[in-house]
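**Q** Before we start, here is the structure in question, set down as structure tokens.
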Number of protein chains: 4
Amino acid sequence: MDKIKVGIIGAGGYGGCGAIELLIDHPNAEIVALIDKQDLGRPISDLYHHLKGFCDLPLIDADDPECPTDFDVVFFATPDGVGQKMAGAWLEKGVKVIDYSGDFRFNNQEIYKGYAARIGKPQEHASPGLLSQAVYGLAELHRDEIAGSSLVGNPGCFAVSCILGLAPAISYDIIDMGSIVCDAKTGVSGAGKNPSPAFHYPARYDSMNAYKVSGHQHVYEIERELGLIADKDIKITFTPHVVPLCRGILTTIYGQLKEGLDLKKIIEAYHSFYEGETFIRVFGPERAQSSTDVRGSNFCNLSLNVDERTGKLIVVSLIDNLVKGQAGSAVQNLNIMFGLEEGAGLLHPGRYP
Amino acid sequence: MDKIKVGIIGAGGYGGCGAIELLIDHPNAEIVALIDKQDLGRPISDLYHHLKGFCDLPLIDADDPECPTDFDVVFFATPDGVGQKMAGAWLEKGVKVIDYSGDFRFNNQEIYKGYAARIGKPQEHASPGLLSQAVYGLAELHRDEIAGSSLVGNPGCFAVSCILGLAPAISYDIIDMGSIVCDAKTGVSGAGKNPSPAFHYPARYDSMNAYKVSGHQHVYEIERELGLIADKDIKITFTPHVVPLCRGILTTIYGQLKEGLDLKKIIEAYHSFYEGETFIRVFGPERAQSSTDVRGSNFCNLSLNVDERTGKLIVVSLIDNLVKGQAGSAVQNLNIMFGLEEGAGLLHPGRYP
Amino acid sequence: MDKIKVGIIGAGGYGGCGAIELLIDHPNAEIVALIDKQDLGRPISDLYHHLKGFCDLPLIDADDPECPTDFDVVFFATPDGVGQKMAGAWLEKGVKVIDYSGDFRFNNQEIYKGYAARIGKPQEHASPGLLSQAVYGLAELHRDEIAGSSLVGNPGCFAVSCILGLAPAISYDIIDMGSIVCDAKTGVSGAGKNPSPAFHYPARYDSMNAYKVSGHQHVYEIERELGLIADKDIKITFTPHVVPLCRGILTTIYGQLKEGLDLKKIIEAYHSFYEGETFIRVFGPERAQSSTDVRGSNFCNLSLNVDERTGKLIVVSLIDNLVKGQAGSAVQNLNIMFGLEEGAGLLHPGRYP
Amino acid sequence: MDKIKVGIIGAGGYGGCGAIELLIDHPNAEIVALIDKQDLGRPISDLYHHLKGFCDLPLIDADDPECPTDFDVVFFATPDGVGQKMAGAWLEKGVKVIDYSGDFRFNNQEIYKGYAARIGKPQEHASPGLLSQAVYGLAELHRDEIAGSSLVGNPGCFAVSCILGLAPAISYDIIDMGSIVCDAKTGVSGAGKNPSPAFHYPARYDSMNAYKVSGHQHVYEIERELGLIADKDIKITFTPHVVPLCRGILTTIYGQLKEGLDLKKIIEAYHSFYEGETFIRVFGPERAQSSTDVRGSNFCNLSLNVDERTGKLIVVSLIDNLVKGQAGSAVQNLNIMFGLEEGAGLLHPGRYP
């Protein structure tokens, strides 16, 4: 079989780099072009030296007449607002689209507007007609829809962490749905490649902080997904924090247990919900889960605990924000959309220490 | 006035070092002896090179006949179990005692036993007769008792962070007392000076984890203190995490707001509760608080937020675990016990970056 | 005696912040105004939260009619090119000037032009007439001239480290002057406050690199100072590196030993050269010197080693780049210029860990 | 073809883990047993959680009757002193041996004794008869001997960095052989898995130091290899430093240039020397090389600079100490010993950021 031809738009950012790292080892896909607006003509390995000899394609403008167009799929590894303007043209050519931003996470113009306001870009969606085709790209919940779709909105990194940690508890009605608190800690790579005062090394190396307390935009997709499972509206409290490491999201999830449930049953429920899943590992409280357990890999590790004294379920949910939280999920979606093995190109354990 | 003569027992650990750093600049106190069981005869500046020329006293065994005894106060900068055996002898000589461990945080043998079991040392207290004299050394809540006491149990670092963040909310009946979640993140210095696999640099530098989920021993003193304020039993959910920085505790505290309260009133309540306090700074949600705001200083910074969507109070509480969470509180207690200015030797801003 | 009135120009950068931290604890000096071009009207504690309650002066434009002018001394904590334009006006009013940049490190227009070309600003000096008055502000070598001067060019951070490590070896003719290699490693705070791609946390946290190999501008002042001591031209090889820590410069200095010298004599020579110096500590090879030994303090630690196999002197020179390498030297110079105790406001050990 | 069967002795350390990470992706080799003295019976993925599902083999004692013995090759990922006692028995069974320690880096009992004294284990070699069979496992210099050998002494991490950076300069007689200085900076993973005070996170996170100044044991193999190339004795000055990152060695190498050489010729010489090498990348001074360029990969990056002012060649040599400096070289040697593609299982770029 011919390899799937992939174009990466926004290739110069961390999200592009992550996709390149995965695709150069992918048995069934190959990168055909790296598209961006900056650093045109420079080989990607000039920006990311470690890629030298592995991928030396130059960055090219999508408007450049020499830019290839014979893709099977394009990744929009771009910020909010780009994919919604450009995806339509690719779809019309028969090219599938996987978008990293919030542009296609909502199949509804109204919810999108709430999200857009939250990220400070209050606007109508540029391609509302596409929203209804878009599928939310969290494979563990929407595998079949992804398989049949040409337009996938890759999920937000915090959302992956929270939704995977909560889905079984919601599905099996384990916790009081009004009691959910998600306290998330992210590494700094989640802020992307562009430098800013808050992520300048001297300001960050020995520093941690909460931010957007009660106001982070990923809440929208978390609540939408949980609501779909529960078949009713759910509101959660979500607080993100930045801690001084590079890769990883650890979300500590709290929910008031329903009566009559014990840890054993809960662990069974989680195992049952995720049965057969390649990238989900479920644990009890038996060991301290660390973000390095999933660093550099596409896994989500969940550890389940019950606080007997207060009757709370406590789920510790771990992902690598740049892999399962971004490029890894994108490649997993690619695999599903093209009928490949879901783990193709993704079965790496990462490196330690 | 003569300077207060201080002896530090367990001087070679981080808690001893922190006390030395503060006391060498203290206008009204001086260090007379550094007592330990290891590194005997070596100047402390051999262990902590930065102290060279500032404090070069040798470490001496308490049993050494040359060990000074003419102290006004001794700090037990020692692990659980040491102070309870040795404090009595000093008190009998008229020397006041400030103990860093859990040995004198509980004025009740029963609560102490629960605590002792939690730390894996299930035992009777070695000096139960002293427990009733012991005062819990959180100055903002027990200033008058500390002033009149000869035996102070310095609070646990997480406890300082949680109690200071919650006391006004409990006192003014702002939140549902059954709904409290404290999600704490600590720097690695909280683990003390002894190396271990979990805190080995390669294992820790890019790693975060939850630990003792629902089982940390500081819960005992937090619940006791909150219960005293509320005049009823309170149970909280408390989850500590280790993140890869050196100094700082950030606790994100969640509680369900009572009806009819808004952020403005809550901010007023906190300002009112802490009026006149030297080391408490209260903020609204206006800026991201960072652990570096209090690094190296004795301050506790509190920022107050309300999640309107879910009706939750969210308090972000910040301290330096080695200062306000340990040696700084000890010196603050010393100042109170001897009638000095409460801020003497403590009014430093720390260093940045 | 009235306190020395200090104005800080460029107060918002790390160099300004460092001066504020030192001066708020200084017994004989006080900050009167914080001058900058950005963040006008904002209290400095808005930029540096840890200063809240210690220094809340607003940033003010030097051209603002309300800007105080009754200073005894101004610090130009500004980049190259600022002091040389503005210092003259202050000097005419009788205000002494301490400049952090390279603007007044060279009392000679020709050498300055070489330096200026090296930093990418090839230009004539804006106030050549002032150059002859300027004194190089390395107190250990130029104390008397500093005492009599109104215009001091504070030394470069790498230069402090290299010159203090080499001065005795040159003075006592210990090494072959053509053989000197200085291999310097700096923490990231040396890059200043402004974010850039190279110092973005994810790019820096686990990364080290050499830069400006053979082309760093501090070489000029190092060679000039060493040449003054030797009374002949000296050329050195100097390679700076950035390593992922915040504060500290460690320079490993190599020189071919002259015949007949042994380690004991060399140690004596260094002790003799620095006899009576408050801020220099000389050690033999007996222990591993760490950058934390001087972190947060104004000390320079030197450890002396001889490689018997190759006949090389190896000096490990340690400073905190933001203290002895910048603000601490500036305050030390202030003390000397105003006849104060040289250690006034500077005798702090820093904090550990 | 059947896969090469590999046994790893000392599998629980970082060196074992590194080999496992590489071999689980290796197309022509498979791990048959993980041998150690500790944690017996525990799956390796209990010690290294990221390996879960990739390698869950239990640790087994070599003396356990159930321990497999049908290996084609064993890796001794063990400290000095182990391989020399145990290798002979495996060799007699026809199993090839690759040893990570210094046990088989010297084919001469006298040199070995010097080395052994340096590491504090002054002793006769336990199997002197094997020394003459042992080949030094630096593939770029000894490929043919490795191909024909059953016993390879894998090189020391610093030695790889220094030798690869200097070999062309020695071979082409570019520098004065008496003038060589190697200033090496290593990440903390080089210290191995066992915790110790110097590598405890709070002691290390913002700290750097030189150590074993002029006394590091890797000097022996560096001088031996350079001497073989030069066909005469060479002595170098070598100073290792620890800096607070995890993976990477950056060695800055200085040598006095011979007359008549310019940078262009030197770059040509290096390119010529390493022509056809898979894992060596040669650069001029055009860009700052960072340790992240080779992090997680088996490459050695060399950048070449000339200091025109002092006539010095300055080579910046970069490797990942755990890959090219350890497990990667071991797998490269395995590939050569069994006639596989030299890059088999090793052509990964690492991950960034």
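FYI, nothing fancy with the structure tokens labels: chains A, B, ... in order, residues from 1 per chain, ligands from 1 as they appear.
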Please list as an MDAnalysis selection string every residue within 9 Å of segment 23-33 of chain C, counting only C-alpha atoms and excluding residues in the same chain fewer than 3 positions away.
**A** (chainID B and resid 348) or (chainID C and resid 1:9 11 18:20 54:55 57:60 67:71 331 335 340 344:346)
**Q** Would you export the selected residues with C-alpha atoms as an mmCIF file, in the first residue's frame, please?
**A**
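Output contents, as saved in result-v3.cif:
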```cif
data_model
loop_
_atom_site.group_PDB
_atom_site.id
_atom_site.type_symbol
_atom_site.label_atom_id
_atom_site.label_comp_id
_atom_site.auth_asym_id
_atom_site.auth_seq_id
_atom_site.Cartn_x
_atom_site.Cartn_y
_atom_site.Cartn_z
ATOM 1 C CA HIS B 348 13.477 40.300 53.980
ATOM 2 C CA MET C 1 24.731 61.082 58.925
ATOM 3 C CA ASP C 2 22.096 61.445 56.270
ATOM 4 C CA LYS C 3 21.585 58.429 54.075
ATOM 5 C CA ILE C 4 23.083 58.484 50.613
ATOM 6 C CA LYS C 5 20.288 59.236 48.158
ATOM 7 C CA VAL C 6 20.243 56.837 45.227
ATOM 8 C CA GLY C 7 18.410 57.027 41.930
ATOM 9 C CA ILE C 8 18.230 53.902 39.788
ATOM 10 C CA ILE C 9 17.905 54.345 36.049
ATOM 11 C CA ALA C 11 15.152 50.087 37.501
ATOM 12 C CA GLY C 18 19.199 43.493 42.299
ATOM 13 C CA ALA C 19 20.197 46.978 43.400
ATOM 14 C CA ILE C 20 16.814 47.525 45.038
ATOM 15 C CA PHE C 54 9.661 46.711 50.907
ATOM 16 C CA CYS C 55 9.814 49.030 47.914
ATOM 17 C CA LEU C 57 8.091 53.327 44.487
ATOM 18 C CA PRO C 58 6.603 53.898 41.030
ATOM 19 C CA LEU C 59 8.651 53.866 37.879
ATOM 20 C CA ILE C 60 9.084 57.377 36.556
ATOM 21 C CA CYS C 67 11.102 63.017 38.750
ATOM 22 C CA PRO C 68 13.360 63.679 41.739
ATOM 23 C CA THR C 69 16.844 64.955 41.011
ATOM 24 C CA ASP C 70 18.320 65.353 44.465
ATOM 25 C CA PHE C 71 20.445 62.235 44.276
ATOM 26 C CA VAL C 331 26.825 48.756 45.836
ATOM 27 C CA ASN C 335 30.263 52.247 49.572
ATOM 28 C CA LEU C 340 31.230 53.848 53.925
ATOM 29 C CA ALA C 344 27.686 47.854 54.201
ATOM 30 C CA GLY C 345 24.458 46.275 52.999
ATOM 31 C CA LEU C 346 26.351 43.405 51.415
#
```
**Q** Set the cut-off to 6 Å and count only C-alpha atoms: what are the residues of chain A that reach chain C? Output as a PyMOL selection string.
**A** chain A and resi 189+195-197+199-202+246
**Q** Take the residues from that selection and put them in a file with all heavy atoms, as a PDB file, in the first residue's frame.
**A**
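Saved as selection_38.pdb:
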```pdb
ATOM      1  N   SER A 189       5.913  23.388  28.123  1.00  0.00           N
ATOM      2  CA  SER A 189       5.818  23.242  26.670  1.00  0.00           C
ATOM      3  C   SER A 189       4.400  23.483  26.180  1.00  0.00           C
ATOM      4  O   SER A 189       4.204  23.812  25.009  1.00  0.00           O
ATOM      5  CB  SER A 189       6.304  21.856  26.237  1.00  0.00           C
ATOM      6  OG  SER A 189       5.487  20.849  26.786  1.00  0.00           O
ATOM      7  N   PRO A 195       8.511  32.768  22.886  1.00  0.00           N
ATOM      8  CA  PRO A 195       8.939  33.212  24.213  1.00  0.00           C
ATOM      9  C   PRO A 195       8.036  34.309  24.759  1.00  0.00           C
ATOM     10  O   PRO A 195       7.457  35.084  23.994  1.00  0.00           O
ATOM     11  CB  PRO A 195      10.350  33.746  23.966  1.00  0.00           C
ATOM     12  CG  PRO A 195      10.440  34.028  22.519  1.00  0.00           C
ATOM     13  CD  PRO A 195       9.473  33.116  21.820  1.00  0.00           C
ATOM     14  N   SER A 196       7.915  34.365  26.055  1.00  0.00           N
ATOM     15  CA  SER A 196       7.158  35.432  26.710  1.00  0.00           C
ATOM     16  C   SER A 196       7.703  35.578  28.122  1.00  0.00           C
ATOM     17  O   SER A 196       8.374  34.681  28.624  1.00  0.00           O
ATOM     18  CB  SER A 196       5.672  35.084  26.739  1.00  0.00           C
ATOM     19  OG  SER A 196       5.450  34.021  27.624  1.00  0.00           O
ATOM     20  N   PRO A 197       7.436  36.725  28.751  1.00  0.00           N
ATOM     21  CA  PRO A 197       8.032  36.950  30.083  1.00  0.00           C
ATOM     22  C   PRO A 197       7.716  35.848  31.083  1.00  0.00           C
ATOM     23  O   PRO A 197       8.574  35.474  31.873  1.00  0.00           O
ATOM     24  CB  PRO A 197       7.407  38.287  30.506  1.00  0.00           C
ATOM     25  CG  PRO A 197       7.114  38.997  29.229  1.00  0.00           C
ATOM     26  CD  PRO A 197       6.706  37.903  28.251  1.00  0.00           C
ATOM     27  N   PHE A 199       7.407  32.769  30.655  1.00  0.00           N
ATOM     28  CA  PHE A 199       8.057  31.486  30.394  1.00  0.00           C
ATOM     29  C   PHE A 199       9.544  31.631  30.100  1.00  0.00           C
ATOM     30  O   PHE A 199      10.197  30.714  29.614  1.00  0.00           O
ATOM     31  CB  PHE A 199       7.314  30.745  29.267  1.00  0.00           C
ATOM     32  CG  PHE A 199       5.861  30.583  29.578  1.00  0.00           C
ATOM     33  CD1 PHE A 199       4.877  31.142  28.770  1.00  0.00           C
ATOM     34  CD2 PHE A 199       5.469  29.932  30.738  1.00  0.00           C
ATOM     35  CE1 PHE A 199       3.532  31.023  29.104  1.00  0.00           C
ATOM     36  CE2 PHE A 199       4.133  29.808  31.080  1.00  0.00           C
ATOM     37  CZ  PHE A 199       3.158  30.360  30.262  1.00  0.00           C
ATOM     38  N   HIS A 200      10.064  32.809  30.426  1.00  0.00           N
ATOM     39  CA  HIS A 200      11.498  33.076  30.358  1.00  0.00           C
ATOM     40  C   HIS A 200      12.166  32.229  31.448  1.00  0.00           C
ATOM     41  O   HIS A 200      11.699  32.192  32.578  1.00  0.00           O
ATOM     42  CB  HIS A 200      11.682  34.573  30.622  1.00  0.00           C
ATOM     43  CG  HIS A 200      13.061  35.095  30.404  1.00  0.00           C
ATOM     44  ND1 HIS A 200      13.822  34.786  29.299  1.00  0.00           N
ATOM     45  CD2 HIS A 200      13.823  35.944  31.149  1.00  0.00           C
ATOM     46  CE1 HIS A 200      14.986  35.421  29.380  1.00  0.00           C
ATOM     47  NE2 HIS A 200      15.015  36.118  30.493  1.00  0.00           N
ATOM     48  N   TYR A 201      13.255  31.569  31.101  1.00  0.00           N
ATOM     49  CA  TYR A 201      13.826  30.619  32.059  1.00  0.00           C
ATOM     50  C   TYR A 201      14.004  31.176  33.486  1.00  0.00           C
ATOM     51  O   TYR A 201      13.576  30.543  34.455  1.00  0.00           O
ATOM     52  CB  TYR A 201      15.149  30.037  31.537  1.00  0.00           C
ATOM     53  CG  TYR A 201      15.708  28.993  32.463  1.00  0.00           C
ATOM     54  CD1 TYR A 201      15.360  27.659  32.322  1.00  0.00           C
ATOM     55  CD2 TYR A 201      16.530  29.347  33.527  1.00  0.00           C
ATOM     56  CE1 TYR A 201      15.829  26.706  33.201  1.00  0.00           C
ATOM     57  CE2 TYR A 201      16.998  28.399  34.414  1.00  0.00           C
ATOM     58  CZ  TYR A 201      16.648  27.080  34.251  1.00  0.00           C
ATOM     59  OH  TYR A 201      17.105  26.146  35.140  1.00  0.00           O
ATOM     60  N   PRO A 202      14.629  32.350  33.638  1.00  0.00           N
ATOM     61  CA  PRO A 202      14.836  32.810  35.024  1.00  0.00           C
ATOM     62  C   PRO A 202      13.529  33.071  35.788  1.00  0.00           C
ATOM     63  O   PRO A 202      13.491  32.973  37.012  1.00  0.00           O
ATOM     64  CB  PRO A 202      15.632  34.117  34.847  1.00  0.00           C
ATOM     65  CG  PRO A 202      16.264  33.999  33.498  1.00  0.00           C
ATOM     66  CD  PRO A 202      15.279  33.231  32.662  1.00  0.00           C
ATOM     67  N   CYS A 246       8.978  20.411  31.573  1.00  0.00           N
ATOM     68  CA  CYS A 246       8.724  20.654  30.158  1.00  0.00           C
ATOM     69  C   CYS A 246       7.469  19.955  29.665  1.00  0.00           C
ATOM     70  O   CYS A 246       6.575  20.575  29.120  1.00  0.00           O
ATOM     71  CB  CYS A 246       9.933  20.231  29.337  1.00  0.00           C
ATOM     72  SG  CYS A 246       9.739  20.579  27.572  1.00  0.00           S
TER      73      CYS A 246
END
```
**Q** Give me the residues near Tyr48 of chain C as a ChimeraX atom specification, where near means some atom within 8 Å (using only C-alpha atoms) and where sequence neighbours in that chain fewer than 5 positions away do not count.
**A** /B:293,352 /C:17
**Q** Could those selected residues go to a file with C-alpha atoms, as a short mmCIF file (atom, residue, chain, number, x, y, z; two decimals), in the first residue's frame?
**A**
```cif
data_model
loop_
_atom_site.label_atom_id
_atom_site.label_comp_id
_atom_site.auth_asym_id
_atom_site.auth_seq_id
_atom_site.Cartn_x
_atom_site.Cartn_y
_atom_site.Cartn_z
CA ASP B 293 6.42 36.13 45.15
CA TYR B 352 14.60 37.38 42.38
CA CYS C 17 15.91 44.78 40.88
#
```
**Q** Mind checking DSSP for segment 300-349 of chain D and telling me the alpha helix (DSSP H) residues as a PyMOL selection string?
**A** chain D and resi 328-337
**Q** Since we have the selection now, will you write its residues out, keeping all heavy atoms, as a compact mmCIF listing (two decimals), in the first residue's frame?
**A**
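Writing done, so here's selection-v1.txt:
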```txt
# COMPACT_ATOMS: atom_id res chain seq x y z
N GLY D 328 23.80 3.48 23.62
CA GLY D 328 23.80 3.59 22.16
C GLY D 328 25.07 3.02 21.56
O GLY D 328 25.04 2.27 20.58
N SER D 329 26.19 3.37 22.16
CA SER D 329 27.45 2.78 21.69
C SER D 329 27.44 1.27 21.86
O SER D 329 27.95 0.54 21.00
CB SER D 329 28.65 3.38 22.46
OG SER D 329 29.09 4.57 21.83
N ALA D 330 26.84 0.80 22.93
CA ALA D 330 26.79 -0.65 23.14
C ALA D 330 25.98 -1.32 22.04
O ALA D 330 26.38 -2.38 21.51
CB ALA D 330 26.19 -0.96 24.52
N VAL D 331 24.85 -0.73 21.68
CA VAL D 331 24.04 -1.32 20.61
C VAL D 331 24.75 -1.19 19.27
O VAL D 331 24.72 -2.10 18.44
CB VAL D 331 22.64 -0.67 20.58
CG1 VAL D 331 21.85 -1.13 19.35
CG2 VAL D 331 21.88 -1.04 21.86
N GLN D 332 25.42 -0.06 19.05
CA GLN D 332 26.20 0.11 17.82
C GLN D 332 27.27 -0.99 17.74
O GLN D 332 27.47 -1.61 16.69
CB GLN D 332 26.84 1.50 17.83
CG GLN D 332 27.50 1.93 16.53
CD GLN D 332 28.02 3.37 16.59
OE1 GLN D 332 27.83 4.09 17.58
NE2 GLN D 332 28.69 3.79 15.52
N ASN D 333 27.90 -1.28 18.85
CA ASN D 333 28.90 -2.37 18.88
C ASN D 333 28.25 -3.73 18.63
O ASN D 333 28.79 -4.54 17.87
CB ASN D 333 29.64 -2.36 20.22
CG ASN D 333 30.62 -1.20 20.32
OD1 ASN D 333 31.18 -0.77 19.31
ND2 ASN D 333 30.82 -0.67 21.52
N LEU D 334 27.10 -3.95 19.21
CA LEU D 334 26.37 -5.19 18.95
C LEU D 334 26.13 -5.33 17.45
O LEU D 334 26.37 -6.40 16.86
CB LEU D 334 25.05 -5.19 19.71
CG LEU D 334 24.08 -6.36 19.51
CD1 LEU D 334 23.18 -6.52 20.74
CD2 LEU D 334 23.18 -6.21 18.27
N ASN D 335 25.65 -4.26 16.84
CA ASN D 335 25.37 -4.32 15.39
C ASN D 335 26.62 -4.71 14.60
O ASN D 335 26.56 -5.53 13.68
CB ASN D 335 24.85 -2.96 14.91
CG ASN D 335 23.45 -2.65 15.44
OD1 ASN D 335 22.73 -3.53 15.89
ND2 ASN D 335 23.07 -1.38 15.40
N ILE D 336 27.73 -4.11 14.98
CA ILE D 336 28.97 -4.40 14.26
C ILE D 336 29.43 -5.84 14.52
O ILE D 336 29.81 -6.57 13.60
CB ILE D 336 30.07 -3.40 14.69
CG1 ILE D 336 29.68 -1.97 14.24
CG2 ILE D 336 31.42 -3.79 14.12
CD1 ILE D 336 30.55 -0.87 14.84
N MET D 337 29.35 -6.27 15.76
CA MET D 337 29.80 -7.62 16.11
C MET D 337 29.01 -8.71 15.40
O MET D 337 29.52 -9.81 15.17
CB MET D 337 29.73 -7.83 17.62
CG MET D 337 30.72 -6.97 18.41
SD MET D 337 30.28 -6.84 20.17
CE MET D 337 31.10 -8.30 20.84
```
**Q** Might you pull out every residue within 9 Å of Pro285 of chain D, with only C-alpha atoms counted and same-chain residues fewer than 3 positions away left off, and present them as a PDB file with N, CA and C atoms, in the first residue's frame?
**A**
```
ATOM      1  N   VAL C 213      31.870  31.922  20.564  1.00  0.00           N
ATOM      2  CA  VAL C 213      33.162  31.280  20.770  1.00  0.00           C
ATOM      3  C   VAL C 213      34.255  32.210  20.234  1.00  0.00           C
TER       4      VAL C 213
ATOM      5  N   ALA D 288      25.269  28.066  17.224  1.00  0.00           N
ATOM      6  CA  ALA D 288      25.444  27.573  18.582  1.00  0.00           C
ATOM      7  C   ALA D 288      24.925  26.154  18.656  1.00  0.00           C
ATOM      8  N   GLN D 289      25.768  25.240  18.970  1.00  0.00           N
ATOM      9  CA  GLN D 289      25.368  23.858  19.160  1.00  0.00           C
ATOM     10  C   GLN D 289      24.819  23.711  20.567  1.00  0.00           C
ATOM     11  N   SER D 303      31.385  20.979  16.555  1.00  0.00           N
ATOM     12  CA  SER D 303      31.484  22.262  15.853  1.00  0.00           C
ATOM     13  C   SER D 303      32.902  22.796  16.029  1.00  0.00           C
ATOM     14  N   LEU D 304      33.416  23.314  14.924  1.00  0.00           N
ATOM     15  CA  LEU D 304      34.830  23.681  14.842  1.00  0.00           C
ATOM     16  C   LEU D 304      34.985  25.194  14.777  1.00  0.00           C
ATOM     17  N   ASN D 305      35.861  25.700  15.595  1.00  0.00           N
ATOM     18  CA  ASN D 305      36.095  27.137  15.665  1.00  0.00           C
ATOM     19  C   ASN D 305      37.595  27.386  15.775  1.00  0.00           C
ATOM     20  N   VAL D 306      38.010  28.524  15.267  1.00  0.00           N
ATOM     21  CA  VAL D 306      39.390  28.950  15.466  1.00  0.00           C
ATOM     22  C   VAL D 306      39.393  30.320  16.127  1.00  0.00           C
TER      23      VAL D 306
END
```
**Q** Which is closest to Ile249 of chain D among D:Val294, D:Gly276, D:Asn209, D:Ile266, if we use only C-alpha atoms?
**A**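 For Ile249 of chain D, the nearest of the candidates is D:Val294.
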**Q** Between B:Asp262, B:Asp64, B:Asp56, B:Glu221, which has the minimum distance to Phe104 of chain B (counting only C-alpha atoms)?
**A**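 Selected residue with least distance to Phe104 of chain B: B:Glu221.
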**Q** List the neighbours of Thr186 of chain D out to 7 Å using only C-alpha atoms; skip same-chain residues closer than 4 positions along the sequence, and give me the result as a PyMOL selection string.
**A** chain D and resi 190+241-243+248-250
**Q** Please produce an output containing all heavy atoms for each residue in the selection, written as an mmCIF file, in the first residue's frame.
**A**
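Below you can see selection23.cif, which holds the result:
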```cif
data_model
loop_
_atom_site.group_PDB
_atom_site.id
_atom_site.type_symbol
_atom_site.label_atom_id
_atom_site.label_comp_id
_atom_site.auth_asym_id
_atom_site.auth_seq_id
_atom_site.Cartn_x
_atom_site.Cartn_y
_atom_site.Cartn_z
ATOM 1 N N GLY D 190 24.696 11.155 34.272
ATOM 2 C CA GLY D 190 25.997 10.496 34.266
ATOM 3 C C GLY D 190 26.378 9.914 35.610
ATOM 4 O O GLY D 190 27.229 9.026 35.695
ATOM 5 N N HIS D 241 32.854 18.814 34.814
ATOM 6 C CA HIS D 241 31.934 19.638 35.606
ATOM 7 C C HIS D 241 30.557 18.990 35.562
ATOM 8 O O HIS D 241 30.201 18.363 34.566
ATOM 9 C CB HIS D 241 31.804 21.044 35.009
ATOM 10 C CG HIS D 241 33.092 21.786 34.886
ATOM 11 N ND1 HIS D 241 34.010 21.507 33.887
ATOM 12 C CD2 HIS D 241 33.627 22.799 35.607
ATOM 13 C CE1 HIS D 241 35.060 22.320 34.024
ATOM 14 N NE2 HIS D 241 34.855 23.107 35.054
ATOM 15 N N VAL D 242 29.785 19.184 36.614
ATOM 16 C CA VAL D 242 28.375 18.775 36.596
ATOM 17 C C VAL D 242 27.516 20.025 36.516
ATOM 18 O O VAL D 242 27.717 20.976 37.278
ATOM 19 C CB VAL D 242 27.980 17.988 37.863
ATOM 20 C CG1 VAL D 242 26.551 17.452 37.708
ATOM 21 C CG2 VAL D 242 28.927 16.850 38.106
ATOM 22 N N VAL D 243 26.595 20.017 35.588
ATOM 23 C CA VAL D 243 25.650 21.132 35.451
ATOM 24 C C VAL D 243 24.237 20.567 35.550
ATOM 25 O O VAL D 243 24.016 19.378 35.289
ATOM 26 C CB VAL D 243 25.855 21.891 34.123
ATOM 27 C CG1 VAL D 243 27.216 22.569 34.110
ATOM 28 C CG2 VAL D 243 25.721 20.967 32.920
ATOM 29 N N GLY D 248 23.377 14.768 28.563
ATOM 30 C CA GLY D 248 24.235 15.501 27.665
ATOM 31 C C GLY D 248 25.625 15.695 28.234
ATOM 32 O O GLY D 248 25.818 15.867 29.438
ATOM 33 N N ILE D 249 26.599 15.597 27.332
ATOM 34 C CA ILE D 249 27.961 16.034 27.642
ATOM 35 C C ILE D 249 28.355 17.022 26.562
ATOM 36 O O ILE D 249 28.213 16.748 25.368
ATOM 37 C CB ILE D 249 28.955 14.851 27.661
ATOM 38 C CG1 ILE D 249 28.712 13.988 28.899
ATOM 39 C CG2 ILE D 249 30.402 15.358 27.655
ATOM 40 C CD1 ILE D 249 29.601 12.746 28.969
ATOM 41 N N LEU D 250 28.810 18.173 27.006
ATOM 42 C CA LEU D 250 29.396 19.163 26.106
ATOM 43 C C LEU D 250 30.839 19.326 26.536
ATOM 44 O O LEU D 250 31.119 19.730 27.672
ATOM 45 C CB LEU D 250 28.634 20.493 26.221
ATOM 46 C CG LEU D 250 29.036 21.641 25.281
ATOM 47 C CD1 LEU D 250 27.919 22.673 25.182
ATOM 48 C CD2 LEU D 250 30.333 22.332 25.674
#
```
